[in-house]
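Asker: Next comes the structure file data-v8.txt, holding compact mmCIF, C-alpha atoms.
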# COMPACT_ATOMS: atom_id res chain seq x y z
CA MET J 1 -41.90 -22.85 -65.88
CA LYS J 2 -39.30 -25.54 -65.29
CA LYS J 3 -41.62 -27.22 -62.80
CA ILE J 4 -44.39 -27.42 -65.39
CA THR J 5 -41.98 -28.46 -68.13
CA ALA J 6 -40.54 -31.27 -66.03
CA LEU J 7 -44.03 -32.56 -65.29
CA LEU J 8 -45.03 -32.51 -68.94
CA VAL J 9 -41.81 -34.18 -70.08
CA SER J 10 -42.24 -36.92 -67.47
CA LEU J 11 -45.84 -37.62 -68.42
CA ILE J 12 -45.21 -37.45 -72.16
CA MET J 13 -42.30 -39.86 -71.95
CA SER J 14 -44.20 -42.21 -69.67
CA CYS J 15 -47.26 -42.28 -71.93
CA ALA J 16 -45.13 -42.62 -75.05
CA VAL J 17 -43.56 -45.83 -73.77
CA MET J 18 -46.94 -47.36 -72.95
CA ALA J 19 -49.32 -45.88 -75.46
CA GLY J 20 -47.42 -46.13 -78.76
CA CYS J 21 -48.68 -44.07 -81.67
CA SER J 22 -52.45 -44.28 -81.44
CA ASP J 23 -53.89 -43.51 -77.99
CA SER J 24 -55.55 -40.12 -77.59
CA SER J 25 -55.84 -38.12 -74.38
CA SER J 26 -59.62 -38.40 -74.49
CA SER J 27 -59.73 -42.19 -74.27
CA SER J 28 -59.67 -42.63 -70.48
CA SER J 29 -63.42 -42.36 -70.02
CA SER J 30 -64.04 -44.75 -72.91
CA LYS J 31 -61.64 -47.24 -71.38
CA ALA J 32 -63.42 -47.04 -68.06
CA ASP J 33 -66.75 -47.73 -69.79
CA SER J 34 -65.20 -50.63 -71.67
CA THR J 35 -63.80 -52.07 -68.46
CA SER J 36 -67.25 -51.99 -66.86
CA LYS J 37 -68.65 -53.98 -69.77
CA ALA J 38 -65.70 -56.38 -69.69
CA GLU J 39 -66.24 -57.06 -65.99
CA THR J 40 -69.88 -58.02 -66.57
CA SER J 41 -69.17 -60.16 -69.61
CA ALA J 42 -65.94 -61.81 -68.48
CA ALA J 43 -67.51 -63.04 -65.24
CA ALA J 44 -70.11 -65.05 -67.17
CA ASP J 45 -68.08 -65.93 -70.27
CA GLU J 46 -64.50 -66.33 -69.04
CA SER J 47 -64.31 -69.79 -70.61
CA THR J 48 -65.65 -68.50 -73.95
CA ALA J 49 -62.32 -66.99 -74.97
CA SER J 50 -60.26 -69.94 -73.80
CA GLU J 51 -59.30 -71.01 -77.32
CA ALA J 52 -58.50 -69.21 -80.54
CA GLY J 53 -61.51 -68.68 -82.75
CA THR J 54 -64.15 -68.89 -80.00
CA ALA J 55 -64.33 -65.15 -79.22
CA THR J 56 -67.14 -63.51 -81.17
CA ASP J 57 -66.85 -59.88 -80.03
CA LEU J 58 -64.69 -57.54 -77.99
CA GLU J 59 -66.16 -58.44 -74.59
CA ASP J 60 -65.44 -62.16 -75.08
CA THR J 61 -61.76 -61.80 -75.84
CA LEU J 62 -58.72 -62.62 -73.73
CA THR J 63 -57.69 -59.02 -74.28
CA ALA J 64 -60.85 -57.79 -72.53
CA GLN J 65 -60.05 -60.07 -69.60
CA TYR J 66 -56.53 -58.65 -69.51
CA THR J 67 -57.94 -55.10 -69.53
CA LYS J 68 -60.11 -56.02 -66.54
CA LYS J 69 -57.02 -57.19 -64.65
CA ILE J 70 -55.10 -53.96 -65.14
CA GLN J 71 -58.05 -52.00 -63.79
CA GLY J 72 -57.69 -53.77 -60.43
CA GLU J 73 -56.18 -52.45 -57.23
CA SER J 74 -52.66 -53.70 -57.93
CA LEU J 75 -50.47 -54.75 -60.82
CA ALA J 76 -46.84 -54.99 -61.86
CA ILE J 77 -45.73 -55.09 -65.50
CA ASP J 78 -42.22 -55.43 -66.89
CA MET J 79 -42.12 -54.60 -70.61
CA THR J 80 -39.71 -54.06 -73.46
CA VAL J 81 -40.77 -51.75 -76.31
CA ALA J 82 -39.16 -52.07 -79.74
CA SER J 83 -39.76 -49.91 -82.79
CA GLU J 84 -37.83 -48.70 -85.81
CA TYR J 85 -36.89 -45.61 -83.82
CA ASP J 86 -35.81 -46.95 -80.44
CA ASN J 87 -35.73 -49.85 -77.98
CA SER J 88 -37.02 -49.01 -74.51
CA SER J 89 -37.83 -50.77 -71.27
CA ALA J 90 -40.36 -50.05 -68.56
CA VAL J 91 -41.49 -51.42 -65.21
CA VAL J 92 -44.85 -50.19 -63.92
CA GLU J 93 -46.10 -51.01 -60.42
CA ILE J 94 -49.46 -49.94 -58.94
CA ALA J 95 -50.75 -50.70 -55.47
CA GLY J 96 -53.21 -48.99 -53.16
CA GLY J 97 -53.65 -45.96 -55.41
CA ASN J 98 -49.88 -45.36 -55.60
CA MET J 99 -47.69 -45.88 -58.65
CA HIS J 100 -44.04 -46.48 -59.55
CA MET J 101 -42.59 -46.28 -63.07
CA LYS J 102 -38.99 -47.09 -63.85
CA MET J 103 -37.98 -46.88 -67.49
CA ASN J 104 -35.33 -46.20 -70.05
CA PHE J 105 -36.71 -44.12 -72.91
CA MET J 106 -34.42 -43.16 -75.80
CA GLY J 107 -31.41 -43.65 -73.56
CA VAL J 108 -32.82 -41.62 -70.67
CA ASP J 109 -33.35 -43.36 -67.32
CA MET J 110 -36.47 -42.31 -65.44
CA ASP J 111 -37.58 -43.31 -61.95
CA ILE J 112 -40.97 -41.83 -61.00
CA TYR J 113 -43.27 -42.42 -58.03
CA ASN J 114 -46.77 -41.12 -57.41
CA ILE J 115 -47.39 -41.43 -53.68
CA ASP J 116 -50.53 -39.97 -52.09
CA GLY J 117 -51.02 -37.46 -54.90
CA VAL J 118 -47.39 -36.30 -55.06
CA MET J 119 -45.13 -37.18 -57.99
CA TYR J 120 -41.49 -37.83 -57.09
CA THR J 121 -38.85 -37.87 -59.83
CA LEU J 122 -35.77 -39.60 -58.44
CA ASP J 123 -32.10 -39.49 -59.34
CA SER J 124 -30.65 -42.48 -57.53
CA GLU J 125 -27.07 -41.64 -58.46
CA SER J 126 -27.09 -38.27 -56.71
CA LYS J 127 -29.74 -39.25 -54.13
CA THR J 128 -31.85 -36.23 -55.09
CA TYR J 129 -35.47 -35.81 -56.14
CA TYR J 130 -38.08 -33.34 -57.37
CA THR J 131 -41.75 -33.26 -56.37
CA VAL J 132 -44.88 -32.12 -58.18
CA ASP J 133 -48.45 -32.22 -56.87
CA MET J 134 -50.67 -34.40 -59.02
CA GLU J 135 -54.41 -33.94 -59.54
CA GLU J 136 -55.01 -36.95 -61.79
CA SER J 137 -56.11 -40.25 -60.28
CA ILE J 138 -54.01 -43.34 -60.87
CA ASP J 139 -57.12 -44.90 -62.41
CA ASP J 140 -56.85 -42.41 -65.26
CA PHE J 141 -53.51 -43.91 -66.30
CA LYS J 142 -54.04 -47.64 -65.78
CA SER J 143 -55.27 -48.57 -69.26
CA GLU J 144 -52.72 -46.34 -70.99
CA MET J 145 -49.83 -47.78 -69.00
CA GLY J 146 -51.02 -51.35 -69.33
CA TYR J 147 -52.02 -51.01 -72.98
CA GLY J 148 -55.66 -52.00 -72.44
CA ILE J 149 -58.47 -51.84 -74.97
CA ASN J 150 -61.51 -49.54 -75.03
CA ASP J 151 -64.77 -49.03 -76.92
CA SER J 152 -63.01 -47.45 -79.89
CA TYR J 153 -61.41 -50.83 -80.66
CA LYS J 154 -63.17 -53.07 -83.19
CA PHE J 155 -62.60 -56.80 -82.72
CA ILE J 156 -61.42 -58.37 -86.01
CA SER J 157 -60.37 -61.96 -85.39
CA SER J 158 -58.86 -64.59 -83.10
CA GLU J 159 -56.48 -67.18 -84.50
CA THR J 160 -53.59 -69.45 -83.61
CA THR J 161 -50.17 -68.45 -84.95
CA ASP J 162 -47.57 -70.83 -86.37
CA ASP J 163 -45.67 -70.70 -83.08
CA GLY J 164 -48.75 -71.69 -81.07
CA LEU J 165 -49.80 -68.32 -79.67
CA ILE J 166 -53.38 -67.00 -79.65
CA CYS J 167 -53.46 -63.76 -81.64
CA GLU J 168 -56.43 -61.41 -81.17
CA THR J 169 -56.58 -58.58 -83.71
CA PHE J 170 -58.34 -55.25 -83.22
CA GLU J 171 -58.61 -52.01 -85.17
CA SER J 172 -59.16 -48.47 -83.92
CA THR J 173 -59.94 -45.48 -86.12
CA GLU J 174 -58.92 -42.12 -84.70
CA ASP J 175 -60.93 -38.93 -85.14
CA PRO J 176 -58.60 -36.24 -86.55
CA ASP J 177 -60.41 -33.40 -84.74
CA MET J 178 -58.49 -32.30 -81.68
CA GLU J 179 -59.02 -29.71 -79.00
CA LEU J 180 -56.22 -27.18 -79.12
CA GLU J 181 -57.13 -25.07 -76.10
CA SER J 182 -60.26 -23.86 -74.36
CA GLY J 183 -63.00 -24.04 -76.99
CA VAL J 184 -60.64 -24.04 -80.00
CA THR J 185 -60.76 -27.05 -82.33
CA LEU J 186 -59.16 -28.04 -85.62
CA ASP J 187 -61.92 -28.05 -88.25
CA THR J 188 -61.38 -30.62 -91.01
CA SER J 189 -64.97 -30.62 -92.30
CA ASP J 190 -63.99 -29.03 -95.60
CA SER J 191 -60.96 -31.26 -96.07
CA ASP J 192 -60.40 -34.85 -97.11
CA ASP J 193 -60.83 -37.62 -94.55
CA TYR J 194 -57.74 -37.40 -92.33
CA SER J 195 -58.77 -40.26 -90.03
CA PHE J 196 -56.38 -43.18 -89.72
CA THR J 197 -56.75 -46.76 -88.55
CA THR J 198 -54.35 -48.52 -86.21
CA THR J 199 -54.16 -52.32 -85.97
CA PHE J 200 -53.47 -53.93 -82.60
CA LYS J 201 -52.42 -57.58 -82.27
CA TYR J 202 -52.45 -59.11 -78.77
CA TYR J 203 -50.61 -62.42 -78.43
CA PHE J 204 -51.39 -64.84 -75.59
CA ASN J 205 -49.86 -68.11 -74.40
CA ALA J 206 -52.33 -70.79 -75.51
CA ASP J 207 -51.95 -72.79 -72.28
CA THR J 208 -51.73 -70.14 -69.55
CA LYS J 209 -53.65 -67.39 -71.41
CA ASP J 210 -50.94 -64.94 -70.26
CA LEU J 211 -50.23 -61.92 -72.47
CA VAL J 212 -46.93 -62.39 -74.33
CA LYS J 213 -46.66 -59.35 -76.60
CA ILE J 214 -48.57 -56.59 -78.36
CA GLU J 215 -47.96 -55.35 -81.89
CA THR J 216 -49.21 -51.91 -82.91
CA ILE J 217 -49.26 -51.27 -86.64
CA SER J 218 -49.88 -47.68 -87.71
CA ASP J 219 -49.03 -45.91 -90.97
CA GLY J 220 -46.76 -48.76 -92.00
CA SER J 221 -44.76 -48.69 -88.77
CA THR J 222 -44.82 -51.50 -86.19
CA THR J 223 -44.16 -51.16 -82.46
CA THR J 224 -43.78 -54.37 -80.45
CA VAL J 225 -44.36 -54.46 -76.70
CA THR J 226 -42.97 -57.65 -75.14
CA VAL J 227 -44.40 -58.49 -71.72
CA ASN J 228 -41.53 -59.94 -69.69
CA SER J 229 -43.66 -60.41 -66.59
CA PHE J 230 -47.13 -59.48 -65.33
CA THR J 231 -48.79 -60.00 -61.94
CA THR J 232 -51.58 -58.56 -59.85
CA GLU J 233 -50.46 -60.18 -56.59
CA ASN J 234 -48.12 -59.07 -53.79
CA VAL J 235 -47.39 -55.69 -55.37
CA GLU J 236 -45.98 -52.99 -53.10
CA VAL J 237 -45.19 -49.38 -54.01
CA LYS J 238 -42.99 -47.40 -51.66
CA LEU J 239 -40.09 -44.97 -51.85
CA PRO J 240 -36.53 -46.29 -51.26
CA ASP J 241 -35.78 -47.36 -47.70
CA ASP J 242 -33.16 -44.61 -47.29
CA PHE J 243 -35.34 -41.92 -48.89
CA ASP J 244 -35.32 -39.80 -45.71
CA SER J 245 -31.64 -39.08 -46.37
CA TRP J 246 -32.20 -37.93 -49.97
CA THR J 247 -32.13 -34.23 -50.91
CA GLU J 248 -35.09 -32.48 -52.49
CA GLN J 249 -34.21 -30.19 -55.38
CA SER J 250 -36.20 -27.08 -56.32
CA PHE J 251 -37.09 -25.72 -59.74
CA ASP J 252 -35.47 -22.29 -60.25
CA MET J 253 -36.63 -19.82 -62.86
CA SER J 254 -33.93 -18.63 -65.24
CA THR J 255 -33.78 -15.61 -67.52
CA ASP J 256 -33.95 -17.97 -70.49
CA ASP J 257 -37.41 -19.21 -69.55
CA ILE J 258 -40.41 -17.97 -71.51
CA PRO J 259 -42.78 -15.93 -69.30
CA TYR J 260 -46.07 -17.57 -68.37
CA ASP J 261 -48.03 -14.93 -70.31
CA ALA J 262 -45.83 -15.16 -73.39
CA GLU J 263 -47.61 -15.56 -76.71
CA LEU J 264 -46.26 -16.78 -80.01
CA ASP J 265 -46.72 -14.61 -83.09
CA VAL J 266 -47.82 -17.34 -85.52
CA GLU J 267 -46.92 -15.39 -88.68
CA SER J 268 -43.47 -14.25 -87.64
CA GLY J 269 -42.65 -17.00 -85.17
CA ALA J 270 -41.53 -14.32 -82.68
CA GLU J 271 -42.33 -14.50 -78.98
CA SER J 272 -44.11 -11.68 -77.25
CA ALA J 273 -45.29 -11.13 -73.67
CA GLU J 274 -48.17 -9.06 -72.42
For the structure just supplied, provide its representation as structure tokens.

Answerer:
Amino acid sequence: MKKITALLVSLIMSCAVMAGCSDSSSSSSSKADSTSKAETSAAADESTASEAGTATDLEDTLTAQYTKKIQGESLAIDMTVASEYDNSSAVVEIAGGNMHMKMNFMGVDMDIYNIDGVMYTLDSESKTYYTVDMEESIDDFKSEMGYGINDSYKFISSETTDDGLICETFESTEDPDMELESGVTLDTSDSDDYSFTTTFKYYFNADTKDLVKIETISDGSTTTVTVNSFTTENVEVKLPDDFDSWTEQSFDMSTDDIPYDAELDVESGAESAE
């Protein structure tokens, strides 16, 4: 149980830093489709989105070109995330199908590698680590971690801000229906419209066309992702040089853990096991 819990906590925290309030777990395939379209369009129209106001649809935007870049073989992003709840930082590196994420989320330092399908969670102070086998491909996480766009985004406008940045605005409306577990869904057909729209603002340097920051506005709350640095060149992902001397820790079951076959009595809130 602790092994599974640690994996979930790591992934939830990692995605929370990158994905803000609006991304859903079902968006990966849409993002892949969007990237394919962006690759075709950006190759022919890369100059179209060179100035504010010239982009006419999603595929022509600087944001679509940025999304194409983060779908490549390698990238390194250093970001700072600020919201009304917390200020966090994250460094994401991807190269050759391997990934490294180092972040501080709500005061918790995390150092995670995914090397050849194995996730390593490192504690550099004690020189210890945990491992978990991963089934997901790195490609499944690229757009979420890099904050790319997908087909659910509607292009709204492109304009120049007072401080000289190019601001491209998008909106995405989320479907409230969600899959709870195998075949079980939340039916809202007899209820009011629970869908909500999130606004995304991508800001680019007008001269270099580099991404500067992203603002996500949802339900009156704004999260700002500041891109401190971004590159797709000379990126290397490897464990620390002295990693052979580190100690692997194991996940031990304790009597306080809930059994795997435990079920929750919804009415009483009590736990029961078969």

Asker: Could you tell me which of J:Glu174, J:Phe105, J:Glu168, J:Gly148 comes closest to J:Asp86 if we count only C-alpha atoms?

Answerer: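 Among J:Glu174, J:Phe105, J:Glu168, J:Gly148, it is J:Phe105 that comes nearest to J:Asp86.
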
Asker: Name all residues at most 8 Å from stretch 236-238 of chain J (count only C-alpha atoms; drop same-chain ones fewer than 6 positions away) and give them as a VMD selection string.

Answerer: chain J and resid 93 to 95 98 to 100 115

Asker: Could you tell me how far atom CA of J:Tyr129 lies from atom CA of J:Asp241, in Å and to one decimal?

Answerer: 14.3 Å

Asker: Using Å and a single decimal, report how far atom CA of J:Tyr113 sits from atom CA of J:Lys127.

Answerer: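 These two atoms are separated by 14.4 Å.
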
Asker: Which residue out of J:Ser88, J:Asn114, J:Thr222, J:Ser172 has the minimum interatomic distance to J:Asp151 when all atoms listed in the file are used?

Answerer: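 Going through J:Ser88, J:Asn114, J:Thr222, J:Ser172 one by one, the smallest distance to J:Asp151 is for J:Ser172.
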
Asker: Any idea what the distance is between atom CA of J:Ile149 and atom CA of J:Thr226?

Answerer: 16.6 Å

Asker: List the neighbours of J:Tyr153 out to 9 Å using all atoms listed in the file; skip same-chain residues closer than 4 positions along the sequence, and give me the result as number ranges by chain.

Answerer: J: 58, 149, 170-173, 200

Asker: Quick one: residues within 6 Å of J:Ser89, all atoms listed in the file, excluding same-chain residues fewer than 3 positions away - as a list in words?

Answerer: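 In the requested form, the answer reads Met79, Thr80, Val81, Met103 and Asn104 of chain J.
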
Asker: Take the residues from that selection and put them in a file with C-alpha atoms, as a PDB file, in the frame of the given file.

Answerer:
ATOM      1  CA  MET J  79     -42.120 -54.600 -70.610  1.00  0.00           C
ATOM      2  CA  THR J  80     -39.710 -54.060 -73.460  1.00  0.00           C
ATOM      3  CA  VAL J  81     -40.770 -51.750 -76.310  1.00  0.00           C
ATOM      4  CA  MET J 103     -37.980 -46.880 -67.490  1.00  0.00           C
ATOM      5  CA  ASN J 104     -35.330 -46.200 -70.050  1.00  0.00           C
TER       6      ASN J 104
END

Asker: Which of these residues is nearest to J:Tyr147, using all atoms listed in the file: J:Ala90, J:Val225, J:Met119, J:Met101?

Answerer: J:Val225

Asker: Which one is closest to J:Ser221: J:Ser250, J:Leu75, J:Thr198, J:Asp111? Count only C-alpha atoms.

Answerer: J:Thr198

Asker: List every protein, DNA or RNA residue that has at least one atom no more than 6 Å from (-63.4, -58.5, -81.9) in the file's coordinates, counting all atoms listed in the file, and write the result as number ranges by chain.

Answerer: J: 57-58, 154-157

Asker: Could you check which of J:Phe204, J:Asn150, J:Gly96, J:Asp133 is closest to J:Leu62, using all atoms listed in the file?

Answerer: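 Among the listed residues, J:Phe204 lies closest to J:Leu62.
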
Asker: From the options J:Ala76, J:Cys167, J:Val227, J:Leu122, which residue's atoms come nearest to J:Lys201, counting all atoms listed in the file?

Answerer: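 Among the listed residues, the smallest separation from J:Lys201 belongs to J:Cys167.
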
Asker: List the spatial neighbours of stretch 124-126 of chain J as an MDAnalysis selection string - criterion: any atom at most 10 Å away, all atoms listed in the file, same-chain residues fewer than 5 positions off excluded.

Answerer: chainID J and resid 110:111 240 243 246:247
